[in-house]
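Data file: data35.tsv. Format and content: TSV, N, CA and C atoms and all ligand atoms.
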chain	number	residue	atom	x	y	z
A	1	MET	N	117.58	97.86	85.90
A	1	MET	CA	117.32	97.37	84.55
A	1	MET	C	115.93	96.75	84.50
A	2	THR	N	115.19	97.03	83.42
A	2	THR	CA	113.87	96.45	83.25
A	2	THR	C	114.00	94.97	82.94
A	3	GLU	N	113.20	94.15	83.63
A	3	GLU	CA	113.24	92.71	83.35
A	3	GLU	C	112.66	92.45	81.97
A	4	ALA	N	113.31	91.60	81.20
A	4	ALA	CA	112.87	91.34	79.83
A	4	ALA	C	111.56	90.55	79.83
A	5	PRO	N	110.52	91.07	79.17
A	5	PRO	CA	109.28	90.30	79.07
A	5	PRO	C	109.40	89.24	77.97
A	6	ASP	N	108.52	88.25	77.99
A	6	ASP	CA	108.54	87.21	76.95
A	6	ASP	C	107.96	87.72	75.64
A	7	LEU	N	106.99	88.65	75.75
A	7	LEU	CA	106.31	89.17	74.57
A	7	LEU	C	106.51	90.68	74.50
A	8	TYR	N	106.12	91.27	73.39
A	8	TYR	CA	106.19	92.73	73.28
A	8	TYR	C	105.20	93.36	74.25
A	9	SER	N	105.65	94.44	74.89
A	9	SER	CA	104.80	95.16	75.82
A	9	SER	C	103.74	95.96	75.04
A	10	ASP	N	102.70	96.39	75.76
A	10	ASP	CA	101.69	97.25	75.13
A	10	ASP	C	102.34	98.52	74.58
A	11	ALA	N	103.33	99.07	75.31
A	11	ALA	CA	103.99	100.29	74.87
A	11	ALA	C	104.74	100.06	73.56
A	12	ALA	N	105.44	98.93	73.46
A	12	ALA	CA	106.18	98.64	72.23
A	12	ALA	C	105.21	98.46	71.05
A	13	LEU	N	104.11	97.77	71.28
A	13	LEU	CA	103.15	97.56	70.19
A	13	LEU	C	102.47	98.87	69.80
A	14	ASP	N	102.29	99.76	70.78
A	14	ASP	CA	101.71	101.07	70.47
A	14	ASP	C	102.66	101.88	69.57
A	15	HIS	N	103.95	101.81	69.86
A	15	HIS	CA	104.92	102.52	69.01
A	15	HIS	C	105.01	101.89	67.63
A	16	LEU	N	104.77	100.57	67.54
A	16	LEU	CA	104.79	99.92	66.24
A	16	LEU	C	103.60	100.37	65.39
A	17	THR	N	102.43	100.42	66.01
A	17	THR	CA	101.22	100.71	65.24
A	17	THR	C	100.99	102.21	65.07
A	18	ARG	N	101.56	103.02	65.97
A	18	ARG	CA	101.43	104.48	65.85
A	18	ARG	C	102.81	105.11	66.04
A	19	PRO	N	103.71	104.90	65.08
A	19	PRO	CA	105.07	105.40	65.25
A	19	PRO	C	105.08	106.92	65.43
A	20	ARG	N	105.90	107.38	66.41
A	20	ARG	CA	106.04	108.82	66.64
A	20	ARG	C	107.21	109.34	65.81
A	21	ASN	N	107.01	110.49	65.22
A	21	ASN	CA	108.11	111.19	64.54
A	21	ASN	C	108.74	110.36	63.43
A	22	ALA	N	107.91	109.61	62.71
A	22	ALA	CA	108.44	108.87	61.56
A	22	ALA	C	108.65	109.83	60.40
A	23	GLY	N	109.68	109.58	59.62
A	23	GLY	CA	109.93	110.40	58.44
A	23	GLY	C	111.34	110.94	58.42
A	24	THR	N	111.54	111.90	57.53
A	24	THR	CA	112.87	112.48	57.31
A	24	THR	C	112.75	114.00	57.29
A	25	ILE	N	113.61	114.68	58.02
A	25	ILE	CA	113.65	116.15	57.98
A	25	ILE	C	114.40	116.56	56.72
A	26	PRO	N	113.82	117.40	55.87
A	26	PRO	CA	114.43	117.71	54.58
A	26	PRO	C	115.79	118.41	54.69
A	27	ASP	N	115.94	119.34	55.62
A	27	ASP	CA	117.20	120.09	55.72
A	27	ASP	C	117.70	120.01	57.17
A	28	PRO	N	118.17	118.83	57.57
A	28	PRO	CA	118.47	118.61	58.99
A	28	PRO	C	119.79	119.24	59.42
A	29	SER	N	119.94	119.42	60.73
A	29	SER	CA	121.23	119.81	61.30
A	29	SER	C	122.20	118.64	61.24
A	30	GLY	N	121.65	117.42	61.33
A	30	GLY	CA	122.51	116.24	61.28
A	30	GLY	C	121.72	115.01	60.85
A	31	ILE	N	122.43	114.08	60.22
A	31	ILE	CA	121.82	112.81	59.80
A	31	ILE	C	122.76	111.68	60.19
A	32	GLY	N	122.18	110.59	60.72
A	32	GLY	CA	123.00	109.45	61.11
A	32	GLY	C	122.25	108.16	60.84
A	33	SER	N	123.00	107.10	60.66
A	33	SER	CA	122.35	105.81	60.43
A	33	SER	C	123.16	104.72	61.12
A	34	ASP	N	122.49	103.60	61.34
A	34	ASP	CA	123.18	102.45	61.92
A	34	ASP	C	122.52	101.19	61.37
A	35	THR	N	123.32	100.16	61.25
A	35	THR	CA	122.85	98.87	60.73
A	35	THR	C	123.14	97.79	61.76
A	36	ASN	N	122.20	96.90	61.94
A	36	ASN	CA	122.42	95.74	62.80
A	36	ASN	C	123.13	94.68	61.95
A	37	PRO	N	124.40	94.41	62.23
A	37	PRO	CA	125.16	93.49	61.37
A	37	PRO	C	124.61	92.06	61.39
A	38	SER	N	123.84	91.71	62.42
A	38	SER	CA	123.36	90.33	62.50
A	38	SER	C	122.17	90.07	61.59
A	39	CYS	N	121.49	91.15	61.14
A	39	CYS	CA	120.30	90.94	60.30
A	39	CYS	C	120.23	91.87	59.09
A	40	GLY	N	121.04	92.93	59.09
A	40	GLY	CA	121.04	93.86	57.97
A	40	GLY	C	119.99	94.95	58.09
A	41	ASP	N	119.23	94.98	59.16
A	41	ASP	CA	118.22	96.03	59.34
A	41	ASP	C	118.92	97.37	59.59
A	42	ARG	N	118.17	98.46	59.32
A	42	ARG	CA	118.81	99.78	59.32
A	42	ARG	C	117.86	100.84	59.85
A	43	THR	N	118.42	101.79	60.60
A	43	THR	CA	117.68	102.96	61.06
A	43	THR	C	118.43	104.23	60.65
A	44	VAL	N	117.67	105.21	60.18
A	44	VAL	CA	118.23	106.52	59.83
A	44	VAL	C	117.53	107.55	60.70
A	45	ILE	N	118.30	108.45	61.31
A	45	ILE	CA	117.73	109.53	62.13
A	45	ILE	C	118.20	110.86	61.58
A	46	THR	N	117.26	111.78	61.41
A	46	THR	CA	117.58	113.16	61.09
A	46	THR	C	117.09	114.02	62.24
A	47	LEU	N	117.81	115.11	62.49
A	47	LEU	CA	117.41	115.99	63.60
A	47	LEU	C	117.78	117.44	63.30
A	48	THR	N	117.08	118.31	63.98
A	48	THR	CA	117.43	119.73	63.94
A	48	THR	C	117.79	120.17	65.36
A	49	ILE	N	118.80	121.03	65.44
A	49	ILE	CA	119.27	121.56	66.71
A	49	ILE	C	119.21	123.08	66.64
A	50	ALA	N	118.63	123.69	67.67
A	50	ALA	CA	118.62	125.15	67.78
A	50	ALA	C	118.97	125.51	69.21
A	51	ASP	N	119.87	126.45	69.36
A	51	ASP	CA	120.34	126.88	70.69
A	51	ASP	C	120.81	125.67	71.52
A	52	GLY	N	121.47	124.74	70.86
A	52	GLY	CA	122.06	123.60	71.56
A	52	GLY	C	121.08	122.51	71.95
A	53	ARG	N	119.81	122.66	71.54
A	53	ARG	CA	118.77	121.72	71.98
A	53	ARG	C	118.13	121.03	70.76
A	54	LEU	N	117.79	119.75	70.93
A	54	LEU	CA	117.14	119.02	69.83
A	54	LEU	C	115.69	119.47	69.72
A	55	ARG	N	115.37	120.08	68.57
A	55	ARG	CA	114.02	120.61	68.36
A	55	ARG	C	113.13	119.61	67.64
A	56	ASP	N	113.71	118.83	66.75
A	56	ASP	CA	112.93	117.88	65.95
A	56	ASP	C	113.82	116.66	65.70
A	57	VAL	N	113.26	115.48	65.91
A	57	VAL	CA	114.00	114.23	65.69
A	57	VAL	C	113.07	113.28	64.95
A	58	ARG	N	113.50	112.84	63.78
A	58	ARG	CA	112.67	111.92	62.98
A	58	ARG	C	113.46	110.66	62.65
A	59	PHE	N	112.71	109.58	62.43
A	59	PHE	CA	113.39	108.31	62.13
A	59	PHE	C	112.74	107.60	60.95
A	60	ARG	N	113.56	106.79	60.29
A	60	ARG	CA	113.07	105.79	59.33
A	60	ARG	C	113.79	104.50	59.68
A	61	THR	N	113.01	103.46	59.89
A	61	THR	CA	113.58	102.16	60.24
A	61	THR	C	113.11	101.11	59.26
A	62	PHE	N	114.08	100.36	58.76
A	62	PHE	CA	113.80	99.22	57.90
A	62	PHE	C	114.17	98.02	58.73
A	63	GLY	N	113.22	97.54	59.53
A	63	GLY	CA	113.60	96.49	60.46
A	63	GLY	C	112.40	95.93	61.20
A	64	CYS	N	112.70	95.25	62.28
A	64	CYS	CA	111.72	94.47	63.03
A	64	CYS	C	110.89	95.38	63.96
A	65	THR	N	109.92	94.76	64.61
A	65	THR	CA	109.06	95.48	65.56
A	65	THR	C	109.88	96.19	66.64
A	66	ALA	N	110.87	95.50	67.18
A	66	ALA	CA	111.69	96.09	68.25
A	66	ALA	C	112.47	97.29	67.73
A	67	ALA	N	112.97	97.19	66.52
A	67	ALA	CA	113.76	98.28	65.95
A	67	ALA	C	112.88	99.50	65.72
A	68	ILE	N	111.67	99.30	65.21
A	68	ILE	CA	110.75	100.41	64.96
A	68	ILE	C	110.32	101.05	66.27
A	69	ALA	N	109.92	100.23	67.24
A	69	ALA	CA	109.48	100.77	68.53
A	69	ALA	C	110.61	101.51	69.23
A	70	SER	N	111.83	100.98	69.13
A	70	SER	CA	112.99	101.61	69.78
A	70	SER	C	113.27	102.98	69.17
A	71	ALA	N	113.28	103.06	67.86
A	71	ALA	CA	113.57	104.34	67.21
A	71	ALA	C	112.46	105.34	67.51
A	72	SER	N	111.21	104.87	67.48
A	72	SER	CA	110.08	105.76	67.75
A	72	SER	C	110.16	106.35	69.16
A	73	VAL	N	110.37	105.52	70.15
A	73	VAL	CA	110.41	106.03	71.53
A	73	VAL	C	111.66	106.87	71.75
A	74	LEU	N	112.75	106.54	71.05
A	74	LEU	CA	113.96	107.33	71.22
A	74	LEU	C	113.76	108.76	70.72
A	75	THR	N	113.00	108.93	69.64
A	75	THR	CA	112.75	110.30	69.18
A	75	THR	C	112.02	111.10	70.25
A	76	GLU	N	111.13	110.45	70.99
A	76	GLU	CA	110.42	111.15	72.07
A	76	GLU	C	111.37	111.48	73.22
A	77	LEU	N	112.24	110.53	73.55
A	77	LEU	CA	113.17	110.75	74.66
A	77	LEU	C	114.16	111.87	74.34
A	78	ALA	N	114.57	111.95	73.07
A	78	ALA	CA	115.64	112.89	72.69
A	78	ALA	C	115.12	114.30	72.43
A	79	THR	N	113.90	114.41	71.95
A	79	THR	CA	113.38	115.73	71.59
A	79	THR	C	113.33	116.64	72.82
A	80	GLY	N	113.90	117.82	72.68
A	80	GLY	CA	113.91	118.79	73.78
A	80	GLY	C	115.16	118.74	74.62
A	81	LEU	N	115.95	117.66	74.50
A	81	LEU	CA	117.18	117.56	75.28
A	81	LEU	C	118.27	118.43	74.67
A	82	GLU	N	119.22	118.86	75.51
A	82	GLU	CA	120.43	119.46	74.99
A	82	GLU	C	121.22	118.35	74.29
A	83	ALA	N	121.98	118.73	73.26
A	83	ALA	CA	122.73	117.73	72.49
A	83	ALA	C	123.66	116.93	73.39
A	84	ASP	N	124.27	117.59	74.36
A	84	ASP	CA	125.20	116.89	75.26
A	84	ASP	C	124.49	115.85	76.12
A	85	ALA	N	123.21	116.06	76.41
A	85	ALA	CA	122.44	115.09	77.17
A	85	ALA	C	121.92	113.97	76.26
A	86	ALA	N	121.54	114.33	75.04
A	86	ALA	CA	121.00	113.33	74.11
A	86	ALA	C	122.04	112.27	73.77
A	87	VAL	N	123.31	112.68	73.68
A	87	VAL	CA	124.35	111.72	73.31
A	87	VAL	C	124.58	110.70	74.42
A	88	GLN	N	124.08	110.97	75.61
A	88	GLN	CA	124.26	110.04	76.73
A	88	GLN	C	123.09	109.06	76.88
A	89	LEU	N	122.07	109.20	76.02
A	89	LEU	CA	120.98	108.22	76.08
A	89	LEU	C	121.53	106.83	75.78
A	90	MET	N	121.01	105.85	76.49
A	90	MET	CA	121.53	104.48	76.40
A	90	MET	C	120.40	103.51	76.01
A	91	PRO	N	120.75	102.31	75.53
A	91	PRO	CA	119.71	101.31	75.27
A	91	PRO	C	118.81	101.06	76.48
A	92	ALA	N	119.36	101.15	77.68
A	92	ALA	CA	118.55	100.93	78.89
A	92	ALA	C	117.44	101.97	79.00
A	93	ASP	N	117.66	103.19	78.51
A	93	ASP	CA	116.61	104.21	78.53
A	93	ASP	C	115.45	103.81	77.61
A	94	ILE	N	115.80	103.24	76.47
A	94	ILE	CA	114.77	102.76	75.55
A	94	ILE	C	113.98	101.61	76.18
A	95	LEU	N	114.71	100.66	76.76
A	95	LEU	CA	114.03	99.50	77.36
A	95	LEU	C	113.11	99.93	78.48
A	96	ARG	N	113.56	100.89	79.28
A	96	ARG	CA	112.73	101.40	80.39
A	96	ARG	C	111.46	102.05	79.84
A	97	ALA	N	111.62	102.87	78.79
A	97	ALA	CA	110.47	103.59	78.24
A	97	ALA	C	109.48	102.64	77.57
A	98	LEU	N	109.98	101.51	77.06
A	98	LEU	CA	109.09	100.56	76.38
A	98	LEU	C	108.56	99.49	77.33
A	99	GLY	N	108.98	99.52	78.58
A	99	GLY	CA	108.59	98.45	79.49
A	99	GLY	C	109.29	97.15	79.14
A	100	GLY	N	110.50	97.28	78.59
A	100	GLY	CA	111.29	96.11	78.23
A	100	GLY	C	111.00	95.62	76.82
A	101	LEU	N	111.92	94.78	76.33
A	101	LEU	CA	111.74	94.07	75.06
A	101	LEU	C	112.05	92.60	75.33
A	102	PRO	N	111.50	91.68	74.55
A	102	PRO	CA	111.92	90.29	74.70
A	102	PRO	C	113.46	90.22	74.61
A	103	GLU	N	114.07	89.39	75.44
A	103	GLU	CA	115.53	89.41	75.58
A	103	GLU	C	116.27	89.28	74.25
A	104	ARG	N	115.77	88.42	73.38
A	104	ARG	CA	116.47	88.21	72.11
A	104	ARG	C	116.39	89.46	71.23
A	105	LYS	N	115.48	90.38	71.56
A	105	LYS	CA	115.30	91.60	70.76
A	105	LYS	C	116.00	92.81	71.36
A	106	GLU	N	116.58	92.66	72.53
A	106	GLU	CA	117.23	93.82	73.15
A	106	GLU	C	118.34	94.42	72.28
A	107	PRO	N	119.13	93.61	71.54
A	107	PRO	CA	120.16	94.21	70.68
A	107	PRO	C	119.58	95.13	69.60
A	108	CYS	N	118.31	94.95	69.26
A	108	CYS	CA	117.70	95.78	68.22
A	108	CYS	C	117.60	97.24	68.67
A	109	ALA	N	117.56	97.48	69.99
A	109	ALA	CA	117.48	98.85	70.50
A	109	ALA	C	118.79	99.60	70.29
A	110	LEU	N	119.88	98.86	70.15
A	110	LEU	CA	121.20	99.49	69.94
A	110	LEU	C	121.24	100.31	68.67
A	111	MET	N	120.53	99.83	67.65
A	111	MET	CA	120.59	100.48	66.34
A	111	MET	C	120.06	101.91	66.41
A	112	ALA	N	119.01	102.14	67.18
A	112	ALA	CA	118.44	103.49	67.31
A	112	ALA	C	119.44	104.42	67.99
A	113	ILE	N	120.10	103.91	69.02
A	113	ILE	CA	121.11	104.71	69.72
A	113	ILE	C	122.27	105.05	68.78
A	114	GLY	N	122.71	104.08	68.00
A	114	GLY	CA	123.80	104.32	67.05
A	114	GLY	C	123.44	105.37	66.03
A	115	ALA	N	122.21	105.32	65.53
A	115	ALA	CA	121.78	106.30	64.53
A	115	ALA	C	121.68	107.70	65.15
A	116	LEU	N	121.17	107.78	66.38
A	116	LEU	CA	121.07	109.09	67.05
A	116	LEU	C	122.46	109.68	67.28
A	117	ARG	N	123.37	108.87	67.77
A	117	ARG	CA	124.73	109.37	68.02
A	117	ARG	C	125.40	109.80	66.72
A	118	GLY	N	125.15	109.06	65.64
A	118	GLY	CA	125.70	109.45	64.34
A	118	GLY	C	125.15	110.79	63.89
A	119	ALA	N	123.87	111.02	64.10
A	119	ALA	CA	123.26	112.29	63.71
A	119	ALA	C	123.80	113.44	64.56
A	120	LEU	N	124.02	113.19	65.84
A	120	LEU	CA	124.57	114.24	66.72
A	120	LEU	C	126.01	114.56	66.32
A	121	LEU	N	126.78	113.54	65.97
A	121	LEU	CA	128.15	113.77	65.52
A	121	LEU	C	128.16	114.54	64.21
A	122	ASP	N	127.29	114.15	63.31
A	122	ASP	CA	127.20	114.85	62.02
A	122	ASP	C	126.83	116.32	62.23
A	123	ALA	N	125.90	116.56	63.13
A	123	ALA	CA	125.50	117.96	63.42
A	123	ALA	C	126.67	118.76	63.97
A	124	ARG	N	127.45	118.12	64.82
A	124	ARG	CA	128.63	118.81	65.40
A	124	ARG	C	129.63	119.14	64.30
A	125	VAL	N	129.87	118.18	63.40
A	125	VAL	CA	130.82	118.41	62.29
A	125	VAL	C	130.32	119.51	61.39
A	126	ARG	N	129.03	119.48	61.05
A	126	ARG	CA	128.47	120.50	60.15
A	126	ARG	C	128.55	121.89	60.78
A	127	ALA	N	128.36	121.95	62.11
A	127	ALA	CA	128.37	123.25	62.79
A	127	ALA	C	129.79	123.80	62.92
A	128	GLY	N	130.79	122.91	62.63
A	128	GLY	CA	132.19	123.34	62.72
A	128	GLY	C	132.64	123.38	64.13
A	201	LIG	S1	115.87	91.71	63.94
A	201	LIG	FE1	117.03	93.21	62.84
A	201	LIG	S2	116.98	94.97	64.12
A	201	LIG	FE2	115.67	93.57	65.09
Could the structure of this file be written out as structure tokens, please?
Amino acid sequence: MTEAPDLYSDAALDHLTRPRNAGTIPDPSGIGSDTNPSCGDRTVITLTIADGRLRDVRFRTFGCTAAIASASVLTELATGLEADAAVQLMPADILRALGGLPERKEPCALMAIGALRGALLDARVRAG
């Protein structure tokens, strides 16, 4: 497990100022969202799947720096994975990719994972 830094890492701040894959896919294979009940912040993820693999993953986050950085880096981690592998991504994968988050902000990474899993489930339901 990555040790929690006191401040945001350079990687987290880079994702905040240059978010990757921000936006919404107009006709996605699946859409999912999650809300942090402690603050009301929200992340929505849309994705496309072709041949069982995530081809495009986009996010919209209405939330804090940690929530935006987590969703942004998660789109990078998930893109190109098979759906069965993407559903196994964990908050620890986000923390590792960001070089950690301040400890009080670690729960914010959960929201991105919840939205991704919701989108993968939605895609499975839509595909029948
Ligand atoms: S403070 Fe709400 S998700 Fe981070």
One-decimal distance in Å that lies between CA of Ala69 (chain A) and atom N of Thr17 (chain A) | 7.5 Å
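Neighbouring residues of ligand LIG 201 (chain A) at a cut-off of 6.5 Å, counting all atoms listed in the file, are Asn36, Ser38, Cys39, Gly40, Asp41, Arg42, Gly63, Cys64, Thr65, Ala66, Ala67, Lys105, Pro107, Cys108 and Ala109 of chain A.
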Okay, now the selection with N, CA and C atoms, as a CSV table (one decimal), keeping the file's coordinate frame?
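Heads up, here's the output in part.csv:
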chain,number,residue,atom,x,y,z
A,36,ASN,N,122.2,96.9,61.9
A,36,ASN,CA,122.4,95.7,62.8
A,36,ASN,C,123.1,94.7,62.0
A,38,SER,N,123.8,91.7,62.4
A,38,SER,CA,123.4,90.3,62.5
A,38,SER,C,122.2,90.1,61.6
A,39,CYS,N,121.5,91.2,61.1
A,39,CYS,CA,120.3,90.9,60.3
A,39,CYS,C,120.2,91.9,59.1
A,40,GLY,N,121.0,92.9,59.1
A,40,GLY,CA,121.0,93.9,58.0
A,40,GLY,C,120.0,95.0,58.1
A,41,ASP,N,119.2,95.0,59.2
A,41,ASP,CA,118.2,96.0,59.3
A,41,ASP,C,118.9,97.4,59.6
A,42,ARG,N,118.2,98.5,59.3
A,42,ARG,CA,118.8,99.8,59.3
A,42,ARG,C,117.9,100.8,59.8
A,63,GLY,N,113.2,97.5,59.5
A,63,GLY,CA,113.6,96.5,60.5
A,63,GLY,C,112.4,95.9,61.2
A,64,CYS,N,112.7,95.2,62.3
A,64,CYS,CA,111.7,94.5,63.0
A,64,CYS,C,110.9,95.4,64.0
A,65,THR,N,109.9,94.8,64.6
A,65,THR,CA,109.1,95.5,65.6
A,65,THR,C,109.9,96.2,66.6
A,66,ALA,N,110.9,95.5,67.2
A,66,ALA,CA,111.7,96.1,68.2
A,66,ALA,C,112.5,97.3,67.7
A,67,ALA,N,113.0,97.2,66.5
A,67,ALA,CA,113.8,98.3,66.0
A,67,ALA,C,112.9,99.5,65.7
A,105,LYS,N,115.5,90.4,71.6
A,105,LYS,CA,115.3,91.6,70.8
A,105,LYS,C,116.0,92.8,71.4
A,107,PRO,N,119.1,93.6,71.5
A,107,PRO,CA,120.2,94.2,70.7
A,107,PRO,C,119.6,95.1,69.6
A,108,CYS,N,118.3,95.0,69.3
A,108,CYS,CA,117.7,95.8,68.2
A,108,CYS,C,117.6,97.2,68.7
A,109,ALA,N,117.6,97.5,70.0
A,109,ALA,CA,117.5,98.8,70.5
A,109,ALA,C,118.8,99.6,70.3
Grab the CA of Ile31 (chain A) to CA of Gly99 (chain A) distance for me, in Å with one decimal place.
->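 So the two atoms, CA of Ile31 (chain A) and CA of Gly99 (chain A), lie 27.7 Å apart.
With CA of Arg117 (chain A) on one side and atom N of Ile45 (chain A) on the other, the separation reads 9.3 Å.
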Please identify all polymer residues within 10 Å of Asp6 (chain A), counting only C-alpha atoms, omitting same-chain residues fewer than 3 positions from it, and present them as an NGL selection string.
-> :A and (3 or 9 or 100-104)
Contact residues around Leu110 (chain A) with only C-alpha atoms at 10 Å, ignoring same-chain residues under 6 positions, as a list in words |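 That gives Asp34, Thr35, Asn36, Ala67, Ser70, Ala71, Met90, Pro91, Ala92 and Ile94 of chain A.
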Where does region 10-39 of chain A meet region 120-128 of chain A within 6.5 Å, residue by residue, with the nearest atom pair and distance in Å to one decimal for each, counting only N, CA and C atoms, listed by chain and rising number, as CSV?
residue,atom,partner,partner_atom,distance
A:Ser29,C,A:Ala123,CA,4.0
A:Gly30,CA,A:Ala123,N,3.9
A:Ile31,N,A:Asp122,CA,5.2
A:Gly32,N,A:Leu120,N,6.0
List every residue of chain A that DSSP, applied to the backbone, labels as strand (DSSP E), and write the result as a PyMOL selection string.
-> chain A and resi 30-35+42-50+53-62
Within 10 Å of region 72-85 of chain A, counting only C-alpha atoms, which residues qualify if same-chain residues fewer than 2 places away don't, as a VMD selection string?
-> chain A and resid 11 to 12 14 to 16 18 to 22 45 to 61 66 to 70 87 to 91 93 to 95 97 to 98 109 112 to 113 116 to 117 120 to 121 123 to 124
Nearest candidate to Thr43 (chain A) (options A:Leu7, A:Ala86, A:Met111, A:Ile25; using only C-alpha atoms) |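 That would be A:Met111, the residue with the smallest distance to Thr43 (chain A).
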DSSP helix (DSSP H, G or I) residues within region 33-116 of chain A, listed as a PyMOL selection string | chain A and resi 65-78+83-86+91-98+103-105+108-116
